[in-house]
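Asks: The following block contains the structure, expressed as structure tokens.
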Amino acid sequence: MVVLEELYRIKQQEFTEKLKEQSDPHIVYVTDLTSCSHKRVLRRNYPLLSFRFEPQMILGDLVHLGLESTLTSIKHEGGRWVAEVEVNQEYEVEGELYRLKGRADLVYYKDEKPSVVVEIKTSRDLPENKPLEHHILQLQVYMNILGASRGFLVYVTPERLVEFPIEKSSIDIETLLRETVEDARRPRYEWECRYCPYSRLCPYSLNTRKQR
Ligand code: SF4
């Protein structure tokens with residue numbers, strides 16, 4: 001049990017360190033822009049409910065760490081990979097300032113300018129053999145903020161290791177932010193309620209199946 005206990009302690013500590021920030025009404029994460037706006041409300045009201053310690057999450061963390069450290073160790077002429085590139089921008093909505101925060105998994109810098117953004121996704125499967133809409137939107141947010149012209153979504157599943165190139169398109173980050181802070185997209189996608197940790201507490205849940 002030594003490894004599990006250490007791992008649990010680390011995850012708990014990371015969670016505790018983020019708790020204050022997660023309850024701050026003026027902080028919005030990039031992932032908030034691409035998911036149900038009411039999840040953010042419930043996360044702020046019931047912060048402890050979002051703590052998870054599950055194999056799927058640990059596997060995802062390890063895949064991220066492995067790919068990030070492998071790519072950042074490669075030396076290129078005139079370019080380099082950087083992992084966990086921070087995004088931290090301020091926006092104004094109705095006279096209130098909000099800070100948009102996030103981390104792009106991998107960014108390739110060519111001549112010290114962001115050129116390619118990569119988001120890594122792990123899942124059990126990829127049923128339709130195409131990238132998921134909210135992942136594309138998340139990548140677009142990073143590409144737009146960082147000014148990178150190319151993007152890739154890399155999926156790692158037990159059966160597949162596949163990357164999808166994504167064309168950069170201009171997106172309206174201020175509208176996404178407004179929808180989020182005004183809680184106007186609940187949910188953003190119908191399927192979200194089936195996987196939502198707050199669905200039992202949520203008055204807008206579309207998950208009407210009997211829950212055990
Ligand atoms: S149950 Fe659905 S509407 Fe409610 S917070 Fe979760 S995803 Fe959003």
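Labels for the structure tokens follow display order: chains A, B, ..., residues from 1 in each chain, ligands from 1.
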Compute the set of protein, DNA and RNA residues whose minimum atom distance to ligand 1 is at most 12 Å, using only C-alpha atoms and all ligand atoms, and state it as a CSV table (one decimal) with N, CA and C atoms, in the first residue's frame.
Replies:
chain,number,residue,atom,x,y,z
A,32,ASP,N,-13.7,25.4,-18.2
A,32,ASP,CA,-15.1,25.9,-17.9
A,32,ASP,C,-15.7,26.4,-19.1
A,34,THR,N,-15.6,25.3,-22.0
A,34,THR,CA,-16.0,24.3,-23.0
A,34,THR,C,-16.9,23.2,-22.3
A,35,SER,N,-17.5,23.5,-21.2
A,35,SER,CA,-18.4,22.6,-20.6
A,35,SER,C,-19.6,23.3,-19.9
A,36,CYS,N,-20.5,22.6,-19.3
A,36,CYS,CA,-21.7,23.1,-18.7
A,36,CYS,C,-21.3,24.2,-17.8
A,37,SER,N,-22.0,25.4,-17.9
A,37,SER,CA,-21.7,26.5,-17.0
A,37,SER,C,-22.1,26.3,-15.6
A,38,HIS,N,-23.1,25.4,-15.4
A,38,HIS,CA,-23.6,25.2,-14.0
A,38,HIS,C,-22.7,24.3,-13.2
A,39,LYS,N,-21.8,23.5,-13.9
A,39,LYS,CA,-20.8,22.8,-13.2
A,39,LYS,C,-19.9,23.7,-12.4
A,40,ARG,N,-19.6,24.8,-13.0
A,40,ARG,CA,-18.7,25.8,-12.3
A,40,ARG,C,-19.4,26.3,-11.0
A,41,VAL,N,-20.7,26.6,-11.1
A,41,VAL,CA,-21.5,27.1,-10.0
A,41,VAL,C,-21.4,26.0,-8.9
A,42,LEU,N,-21.7,24.8,-9.2
A,42,LEU,CA,-21.8,23.7,-8.2
A,42,LEU,C,-20.4,23.4,-7.7
A,43,ARG,N,-19.4,23.5,-8.5
A,43,ARG,CA,-18.0,23.2,-8.0
A,43,ARG,C,-17.7,24.3,-7.0
A,44,ARG,N,-18.1,25.5,-7.2
A,44,ARG,CA,-17.8,26.6,-6.2
A,44,ARG,C,-18.6,26.3,-4.9
A,45,ASN,N,-19.8,25.9,-5.1
A,45,ASN,CA,-20.7,25.6,-3.9
A,45,ASN,C,-20.3,24.4,-3.1
A,46,TYR,N,-19.9,23.4,-3.8
A,46,TYR,CA,-19.6,22.1,-3.2
A,46,TYR,C,-18.2,21.6,-3.6
A,50,SER,N,-15.7,17.4,-6.0
A,50,SER,CA,-14.9,17.2,-7.2
A,50,SER,C,-13.6,16.4,-7.0
A,180,THR,N,-20.3,31.6,-19.6
A,180,THR,CA,-19.9,30.8,-18.4
A,180,THR,C,-20.2,31.6,-17.1
A,183,ASP,N,-23.8,31.8,-16.3
A,183,ASP,CA,-24.4,30.5,-16.2
A,183,ASP,C,-25.5,30.3,-17.2
A,184,ALA,N,-25.2,30.5,-18.5
A,184,ALA,CA,-26.2,30.5,-19.5
A,184,ALA,C,-26.2,29.2,-20.4
A,185,ARG,N,-25.2,28.3,-20.1
A,185,ARG,CA,-25.2,27.1,-20.9
A,185,ARG,C,-25.2,25.9,-20.0
A,186,ARG,N,-26.5,25.5,-19.6
A,186,ARG,CA,-26.6,24.4,-18.6
A,186,ARG,C,-27.5,23.3,-19.1
A,187,PRO,N,-27.0,22.3,-19.6
A,187,PRO,CA,-25.6,22.0,-19.9
A,187,PRO,C,-25.2,22.6,-21.3
A,188,ARG,N,-23.9,22.5,-21.6
A,188,ARG,CA,-23.5,22.9,-22.9
A,188,ARG,C,-23.7,21.8,-23.9
A,189,TYR,N,-23.5,20.6,-23.5
A,189,TYR,CA,-23.8,19.4,-24.3
A,189,TYR,C,-24.7,18.5,-23.5
A,190,GLU,N,-25.7,17.9,-24.2
A,190,GLU,CA,-26.6,17.0,-23.5
A,190,GLU,C,-26.0,15.9,-22.8
A,191,TRP,N,-25.0,15.2,-23.3
A,191,TRP,CA,-24.4,14.1,-22.7
A,191,TRP,C,-23.7,14.4,-21.4
A,192,GLU,N,-23.4,15.7,-21.1
A,192,GLU,CA,-22.6,16.0,-19.9
A,192,GLU,C,-23.2,15.5,-18.6
A,193,CYS,N,-24.6,15.6,-18.6
A,193,CYS,CA,-25.2,15.3,-17.3
A,193,CYS,C,-25.0,13.8,-16.9
A,194,ARG,N,-24.8,13.0,-17.9
A,194,ARG,CA,-24.6,11.5,-17.6
A,194,ARG,C,-23.4,11.3,-16.8
A,195,TYR,N,-22.4,12.1,-17.0
A,195,TYR,CA,-21.1,11.9,-16.4
A,195,TYR,C,-20.8,13.0,-15.3
A,196,CYS,N,-21.8,13.8,-15.0
A,196,CYS,CA,-21.5,14.9,-14.1
A,196,CYS,C,-21.5,14.5,-12.6
A,197,PRO,N,-20.5,14.9,-11.8
A,197,PRO,CA,-20.5,14.5,-10.4
A,197,PRO,C,-21.5,15.2,-9.6
A,198,TYR,N,-22.1,16.3,-10.2
A,198,TYR,CA,-23.1,17.0,-9.4
A,198,TYR,C,-24.6,16.7,-9.8
A,199,SER,N,-24.8,15.7,-10.7
A,199,SER,CA,-26.1,15.6,-11.3
A,199,SER,C,-27.2,15.3,-10.3
A,200,ARG,N,-26.9,14.7,-9.2
A,200,ARG,CA,-27.9,14.4,-8.1
A,200,ARG,C,-28.3,15.7,-7.4
A,201,LEU,N,-27.5,16.8,-7.5
A,201,LEU,CA,-27.8,18.0,-6.8
A,201,LEU,C,-28.3,19.1,-7.7
A,202,CYS,N,-28.3,18.8,-9.0
A,202,CYS,CA,-28.5,19.8,-10.0
A,202,CYS,C,-30.0,19.9,-10.5
A,203,PRO,N,-30.5,21.1,-10.4
A,203,PRO,CA,-31.9,21.3,-10.9
A,203,PRO,C,-32.1,21.2,-12.4
A,204,TYR,N,-31.0,21.3,-13.1
A,204,TYR,CA,-31.0,21.3,-14.6
A,204,TYR,C,-30.6,20.0,-15.2
A,205,SER,N,-30.3,19.0,-14.4
A,205,SER,CA,-29.8,17.8,-14.9
A,205,SER,C,-30.8,17.1,-15.9
A,206,LEU,N,-30.2,16.7,-17.0
A,206,LEU,CA,-31.0,15.9,-18.0
A,206,LEU,C,-30.9,14.4,-17.7
A,207,ASN,N,-30.1,14.1,-16.7
A,207,ASN,CA,-30.0,12.7,-16.4
A,207,ASN,C,-31.1,12.2,-15.5
A,208,THR,N,-32.2,11.7,-16.2
A,208,THR,CA,-33.4,11.4,-15.5
A,208,THR,C,-33.4,9.9,-15.2
A,209,ARG,N,-32.4,9.2,-15.6
A,209,ARG,CA,-32.3,7.7,-15.2
A,209,ARG,C,-32.3,7.6,-13.7
Asks: Would you kindly return, as a ChimeraX atom specification, each protein, DNA or RNA residue with an atom no farther than 7 Å from any atom of Lys101 in chain A, considering only C-alpha atoms and excluding same-chain residues fewer than 4 positions away?
Replies: /A:28-30,87-89
Asks: Can I get the selection written as a tab-separated table (two decimals), in the first residue's frame, with N, CA, C and O atoms?
Replies:
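To be explicit, this is the file written out as part.tsv:
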chain	number	residue	atom	x	y	z
A	28	VAL	N	-11.83	31.78	-13.91
A	28	VAL	CA	-12.51	30.84	-14.82
A	28	VAL	C	-11.42	30.02	-15.49
A	28	VAL	O	-10.40	30.56	-15.92
A	29	TYR	N	-11.63	28.71	-15.57
A	29	TYR	CA	-10.65	27.85	-16.24
A	29	TYR	C	-11.05	27.65	-17.71
A	29	TYR	O	-12.25	27.71	-18.04
A	30	VAL	N	-10.04	27.39	-18.52
A	30	VAL	CA	-10.32	27.15	-19.95
A	30	VAL	C	-11.33	26.01	-20.09
A	30	VAL	O	-12.24	26.07	-20.91
A	87	VAL	N	-1.68	29.62	-19.49
A	87	VAL	CA	-2.46	30.72	-20.06
A	87	VAL	C	-3.09	31.45	-18.89
A	87	VAL	O	-3.64	30.82	-17.99
A	88	ASN	N	-2.98	32.76	-18.88
A	88	ASN	CA	-3.47	33.54	-17.74
A	88	ASN	C	-3.81	34.93	-18.25
A	88	ASN	O	-2.94	35.77	-18.40
A	89	GLN	N	-5.09	35.15	-18.58
A	89	GLN	CA	-5.49	36.39	-19.24
A	89	GLN	C	-6.66	37.01	-18.49
A	89	GLN	O	-7.52	36.29	-18.00
Asks: Among range 1-108 of chain A, which ones does DSSP assign to strand (DSSP E or B) (computed from the backbone)? Answer as number ranges by chain.
Replies: A: 27-29, 76, 79-93, 96-108
Asks: Determine, counting only C-alpha atoms, which protein, DNA and RNA residues have an atom within 9 Å of an atom of range 76-82 of chain A; residues of the same chain fewer than 2 positions away are not included. Present the result as a short mmCIF file (atom, residue, chain, number, x, y, z; two decimals) with all heavy atoms, in the first residue's frame.
Replies:
data_model
loop_
_atom_site.label_atom_id
_atom_site.label_comp_id
_atom_site.auth_asym_id
_atom_site.auth_seq_id
_atom_site.Cartn_x
_atom_site.Cartn_y
_atom_site.Cartn_z
N GLU A 68 4.70 14.11 -22.27
CA GLU A 68 5.29 15.45 -22.12
C GLU A 68 6.80 15.35 -21.89
O GLU A 68 7.58 16.06 -22.51
CB GLU A 68 4.61 16.19 -20.97
CG GLU A 68 3.19 16.63 -21.33
CD GLU A 68 2.37 17.15 -20.16
OE1 GLU A 68 2.93 17.28 -19.05
OE2 GLU A 68 1.18 17.39 -20.36
N LEU A 71 8.59 14.18 -25.23
CA LEU A 71 8.73 15.19 -26.29
C LEU A 71 9.64 16.35 -25.87
O LEU A 71 10.42 16.85 -26.69
CB LEU A 71 7.36 15.73 -26.70
CG LEU A 71 6.52 14.77 -27.54
CD1 LEU A 71 5.32 15.46 -28.14
CD2 LEU A 71 7.32 14.16 -28.68
N THR A 72 9.56 16.77 -24.62
CA THR A 72 10.40 17.91 -24.22
C THR A 72 11.89 17.53 -24.15
O THR A 72 12.75 18.40 -24.11
CB THR A 72 9.96 18.51 -22.86
OG1 THR A 72 9.89 17.46 -21.90
CG2 THR A 72 8.62 19.20 -22.96
N SER A 73 12.18 16.23 -24.15
CA SER A 73 13.60 15.83 -24.11
C SER A 73 14.24 15.83 -25.50
O SER A 73 15.44 15.69 -25.64
CB SER A 73 13.74 14.44 -23.49
OG SER A 73 13.19 13.48 -24.36
N ILE A 74 13.41 15.99 -26.54
CA ILE A 74 13.94 15.96 -27.92
C ILE A 74 14.53 17.32 -28.28
O ILE A 74 13.93 18.36 -28.00
CB ILE A 74 12.80 15.61 -28.92
CG1 ILE A 74 12.24 14.24 -28.62
CG2 ILE A 74 13.30 15.69 -30.35
CD1 ILE A 74 10.97 13.93 -29.38
N GLU A 84 2.98 21.89 -20.43
CA GLU A 84 2.17 22.61 -19.44
C GLU A 84 2.35 24.13 -19.55
O GLU A 84 2.74 24.80 -18.59
CB GLU A 84 2.54 22.14 -18.02
CG GLU A 84 2.35 20.66 -17.78
CD GLU A 84 0.88 20.27 -17.70
OE1 GLU A 84 0.09 21.06 -17.19
OE2 GLU A 84 0.57 19.17 -18.20
N VAL A 85 2.07 24.64 -20.73
CA VAL A 85 2.24 26.08 -20.98
C VAL A 85 1.04 26.85 -20.41
O VAL A 85 -0.11 26.60 -20.78
CB VAL A 85 2.41 26.36 -22.49
CG1 VAL A 85 2.43 27.86 -22.76
CG2 VAL A 85 3.68 25.69 -22.98
N ASP A 105 -1.23 21.34 -22.88
CA ASP A 105 -0.37 20.19 -22.56
C ASP A 105 1.02 20.34 -23.17
O ASP A 105 2.03 20.17 -22.47
CB ASP A 105 -1.00 18.89 -23.07
CG ASP A 105 -2.25 18.52 -22.29
OD1 ASP A 105 -2.36 18.95 -21.13
OD2 ASP A 105 -3.09 17.79 -22.83
N LEU A 106 1.08 20.62 -24.47
CA LEU A 106 2.39 20.75 -25.13
C LEU A 106 2.31 21.86 -26.17
O LEU A 106 1.32 21.96 -26.90
CB LEU A 106 2.74 19.45 -25.86
CG LEU A 106 3.30 18.32 -25.00
CD1 LEU A 106 3.15 16.98 -25.72
CD2 LEU A 106 4.78 18.56 -24.68
N VAL A 107 3.34 22.67 -26.22
CA VAL A 107 3.42 23.72 -27.25
C VAL A 107 4.78 23.61 -27.92
O VAL A 107 5.81 23.48 -27.24
CB VAL A 107 3.22 25.12 -26.64
CG1 VAL A 107 3.37 26.20 -27.72
CG2 VAL A 107 1.85 25.24 -25.98
N TYR A 108 4.76 23.63 -29.26
CA TYR A 108 6.04 23.64 -29.98
C TYR A 108 6.38 25.09 -30.31
O TYR A 108 5.59 25.80 -30.96
CB TYR A 108 5.94 22.81 -31.27
CG TYR A 108 7.29 22.66 -31.93
CD1 TYR A 108 8.25 21.80 -31.38
CD2 TYR A 108 7.62 23.37 -33.07
CE1 TYR A 108 9.50 21.66 -31.95
CE2 TYR A 108 8.87 23.25 -33.65
CZ TYR A 108 9.80 22.40 -33.08
OH TYR A 108 11.04 22.27 -33.64
N TYR A 109 7.54 25.52 -29.83
CA TYR A 109 8.00 26.89 -30.09
C TYR A 109 9.00 26.84 -31.23
O TYR A 109 10.02 26.14 -31.14
CB TYR A 109 8.68 27.48 -28.84
CG TYR A 109 7.69 27.91 -27.78
CD1 TYR A 109 7.11 26.96 -26.93
CD2 TYR A 109 7.32 29.24 -27.64
CE1 TYR A 109 6.20 27.34 -25.97
CE2 TYR A 109 6.41 29.63 -26.67
CZ TYR A 109 5.85 28.67 -25.84
OH TYR A 109 4.94 29.05 -24.89
N LYS A 110 8.68 27.58 -32.29
CA LYS A 110 9.63 27.69 -33.41
C LYS A 110 10.16 29.11 -33.38
O LYS A 110 9.38 30.07 -33.33
CB LYS A 110 8.88 27.41 -34.72
CG LYS A 110 9.78 27.25 -35.91
CD LYS A 110 9.02 26.57 -37.05
CE LYS A 110 9.78 26.54 -38.35
NZ LYS A 110 11.18 26.32 -38.31
N ASP A 111 11.47 29.24 -33.37
CA ASP A 111 12.10 30.57 -33.22
C ASP A 111 11.48 31.32 -32.05
O ASP A 111 11.16 32.51 -32.15
CB ASP A 111 11.97 31.37 -34.53
CG ASP A 111 12.67 30.67 -35.68
OD1 ASP A 111 13.70 30.01 -35.45
OD2 ASP A 111 12.15 30.73 -36.81
N GLU A 112 11.24 30.60 -30.97
CA GLU A 112 10.71 31.15 -29.70
C GLU A 112 9.27 31.66 -29.80
O GLU A 112 8.80 32.35 -28.91
CB GLU A 112 11.63 32.26 -29.14
CG GLU A 112 13.02 31.77 -28.75
CD GLU A 112 12.98 30.56 -27.77
OE1 GLU A 112 12.24 30.63 -26.80
OE2 GLU A 112 13.70 29.58 -28.03
N LYS A 113 8.56 31.32 -30.89
CA LYS A 113 7.14 31.71 -30.99
C LYS A 113 6.28 30.45 -30.99
O LYS A 113 6.62 29.47 -31.68
CB LYS A 113 6.87 32.46 -32.30
CG LYS A 113 7.53 33.82 -32.37
CD LYS A 113 6.86 34.64 -33.47
CE LYS A 113 7.58 35.95 -33.66
NZ LYS A 113 8.53 35.98 -34.74
#
Asks: Quick one, how far is CA of Tyr8 in chain A from CA of Phe51 in chain A?
Replies: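 Computed distance, CA of Tyr8 in chain A to CA of Phe51 in chain A, equals 10.9 Å.
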Asks: Can you pull out every residue within 7 Å of range 118-131 of chain A, counting only C-alpha atoms, but drop anything in the same chain fewer than 3 positions away, and send it as JSON, numbers by chain?
Replies: {"A": [60, 64, 104, 105, 106, 107, 135, 136, 139, 151, 152, 153, 154, 155, 156, 157, 158, 164]}
Asks: Any chance you can output those residues with N, CA, C and O atoms as a PDB file, in the first residue's frame?
Replies:
ATOM      1  N   GLY A  60      -4.524   8.642 -16.827  1.00  0.00           N
ATOM      2  CA  GLY A  60      -4.466   9.865 -17.644  1.00  0.00           C
ATOM      3  C   GLY A  60      -3.278  10.730 -17.252  1.00  0.00           C
ATOM      4  O   GLY A  60      -2.538  11.224 -18.107  1.00  0.00           O
ATOM      5  N   HIS A  64      -0.011  11.676 -19.656  1.00  0.00           N
ATOM      6  CA  HIS A  64       0.405  13.080 -19.873  1.00  0.00           C
ATOM      7  C   HIS A  64       1.877  13.257 -19.511  1.00  0.00           C
ATOM      8  O   HIS A  64       2.662  13.801 -20.282  1.00  0.00           O
ATOM      9  N   ALA A 104      -1.901  24.532 -21.537  1.00  0.00           N
ATOM     10  CA  ALA A 104      -1.876  23.699 -22.747  1.00  0.00           C
ATOM     11  C   ALA A 104      -0.877  22.561 -22.497  1.00  0.00           C
ATOM     12  O   ALA A 104       0.214  22.803 -21.967  1.00  0.00           O
ATOM     13  N   ASP A 105      -1.229  21.342 -22.884  1.00  0.00           N
ATOM     14  CA  ASP A 105      -0.370  20.195 -22.563  1.00  0.00           C
ATOM     15  C   ASP A 105       1.023  20.335 -23.168  1.00  0.00           C
ATOM     16  O   ASP A 105       2.029  20.168 -22.473  1.00  0.00           O
ATOM     17  N   LEU A 106       1.085  20.623 -24.468  1.00  0.00           N
ATOM     18  CA  LEU A 106       2.388  20.749 -25.135  1.00  0.00           C
ATOM     19  C   LEU A 106       2.312  21.864 -26.170  1.00  0.00           C
ATOM     20  O   LEU A 106       1.318  21.963 -26.902  1.00  0.00           O
ATOM     21  N   VAL A 107       3.340  22.669 -26.222  1.00  0.00           N
ATOM     22  CA  VAL A 107       3.416  23.717 -27.255  1.00  0.00           C
ATOM     23  C   VAL A 107       4.778  23.610 -27.920  1.00  0.00           C
ATOM     24  O   VAL A 107       5.806  23.477 -27.239  1.00  0.00           O
ATOM     25  N   HIS A 135     -13.287  18.988 -26.978  1.00  0.00           N
ATOM     26  CA  HIS A 135     -11.815  18.966 -27.029  1.00  0.00           C
ATOM     27  C   HIS A 135     -11.311  19.911 -28.127  1.00  0.00           C
ATOM     28  O   HIS A 135     -10.296  20.603 -27.945  1.00  0.00           O
ATOM     29  N   ILE A 136     -12.035  19.917 -29.262  1.00  0.00           N
ATOM     30  CA  ILE A 136     -11.645  20.833 -30.351  1.00  0.00           C
ATOM     31  C   ILE A 136     -11.758  22.278 -29.868  1.00  0.00           C
ATOM     32  O   ILE A 136     -10.862  23.101 -30.083  1.00  0.00           O
ATOM     33  N   LEU A 139      -8.906  23.176 -27.573  1.00  0.00           N
ATOM     34  CA  LEU A 139      -7.670  23.395 -28.341  1.00  0.00           C
ATOM     35  C   LEU A 139      -7.723  24.738 -29.065  1.00  0.00           C
ATOM     36  O   LEU A 139      -6.725  25.477 -29.107  1.00  0.00           O
ATOM     37  N   GLY A 151      -2.756  22.921 -34.626  1.00  0.00           N
ATOM     38  CA  GLY A 151      -3.098  22.213 -33.393  1.00  0.00           C
ATOM     39  C   GLY A 151      -3.330  20.736 -33.658  1.00  0.00           C
ATOM     40  O   GLY A 151      -3.693  20.341 -34.770  1.00  0.00           O
ATOM     41  N   PHE A 152      -3.099  19.937 -32.634  1.00  0.00           N
ATOM     42  CA  PHE A 152      -3.328  18.492 -32.744  1.00  0.00           C
ATOM     43  C   PHE A 152      -3.989  17.997 -31.464  1.00  0.00           C
ATOM     44  O   PHE A 152      -3.614  18.408 -30.361  1.00  0.00           O
ATOM     45  N   LEU A 153      -4.959  17.089 -31.651  1.00  0.00           N
ATOM     46  CA  LEU A 153      -5.525  16.368 -30.514  1.00  0.00           C
ATOM     47  C   LEU A 153      -4.997  14.947 -30.576  1.00  0.00           C
ATOM     48  O   LEU A 153      -5.181  14.261 -31.589  1.00  0.00           O
ATOM     49  N   VAL A 154      -4.315  14.540 -29.524  1.00  0.00           N
ATOM     50  CA  VAL A 154      -3.749  13.184 -29.474  1.00  0.00           C
ATOM     51  C   VAL A 154      -4.604  12.349 -28.526  1.00  0.00           C
ATOM     52  O   VAL A 154      -4.773  12.718 -27.354  1.00  0.00           O
ATOM     53  N   TYR A 155      -5.163  11.260 -29.046  1.00  0.00           N
ATOM     54  CA  TYR A 155      -5.986  10.369 -28.213  1.00  0.00           C
ATOM     55  C   TYR A 155      -5.218   9.088 -27.922  1.00  0.00           C
ATOM     56  O   TYR A 155      -4.663   8.461 -28.832  1.00  0.00           O
ATOM     57  N   VAL A 156      -5.214   8.725 -26.649  1.00  0.00           N
ATOM     58  CA  VAL A 156      -4.608   7.459 -26.232  1.00  0.00           C
ATOM     59  C   VAL A 156      -5.701   6.625 -25.572  1.00  0.00           C
ATOM     60  O   VAL A 156      -6.279   7.031 -24.559  1.00  0.00           O
ATOM     61  N   THR A 157      -6.032   5.496 -26.182  1.00  0.00           N
ATOM     62  CA  THR A 157      -7.012   4.572 -25.593  1.00  0.00           C
ATOM     63  C   THR A 157      -6.336   3.200 -25.538  1.00  0.00           C
ATOM     64  O   THR A 157      -5.253   3.025 -26.113  1.00  0.00           O
ATOM     65  N   PRO A 158      -6.947   2.216 -24.902  1.00  0.00           N
ATOM     66  CA  PRO A 158      -6.295   0.889 -24.880  1.00  0.00           C
ATOM     67  C   PRO A 158      -6.090   0.326 -26.286  1.00  0.00           C
ATOM     68  O   PRO A 158      -5.211  -0.506 -26.506  1.00  0.00           O
ATOM     69  N   PHE A 164      -5.252  13.911 -34.387  1.00  0.00           N
ATOM     70  CA  PHE A 164      -6.088  14.601 -35.363  1.00  0.00           C
ATOM     71  C   PHE A 164      -5.576  16.028 -35.516  1.00  0.00           C
ATOM     72  O   PHE A 164      -5.509  16.770 -34.521  1.00  0.00           O
TER      73      PHE A 164
END
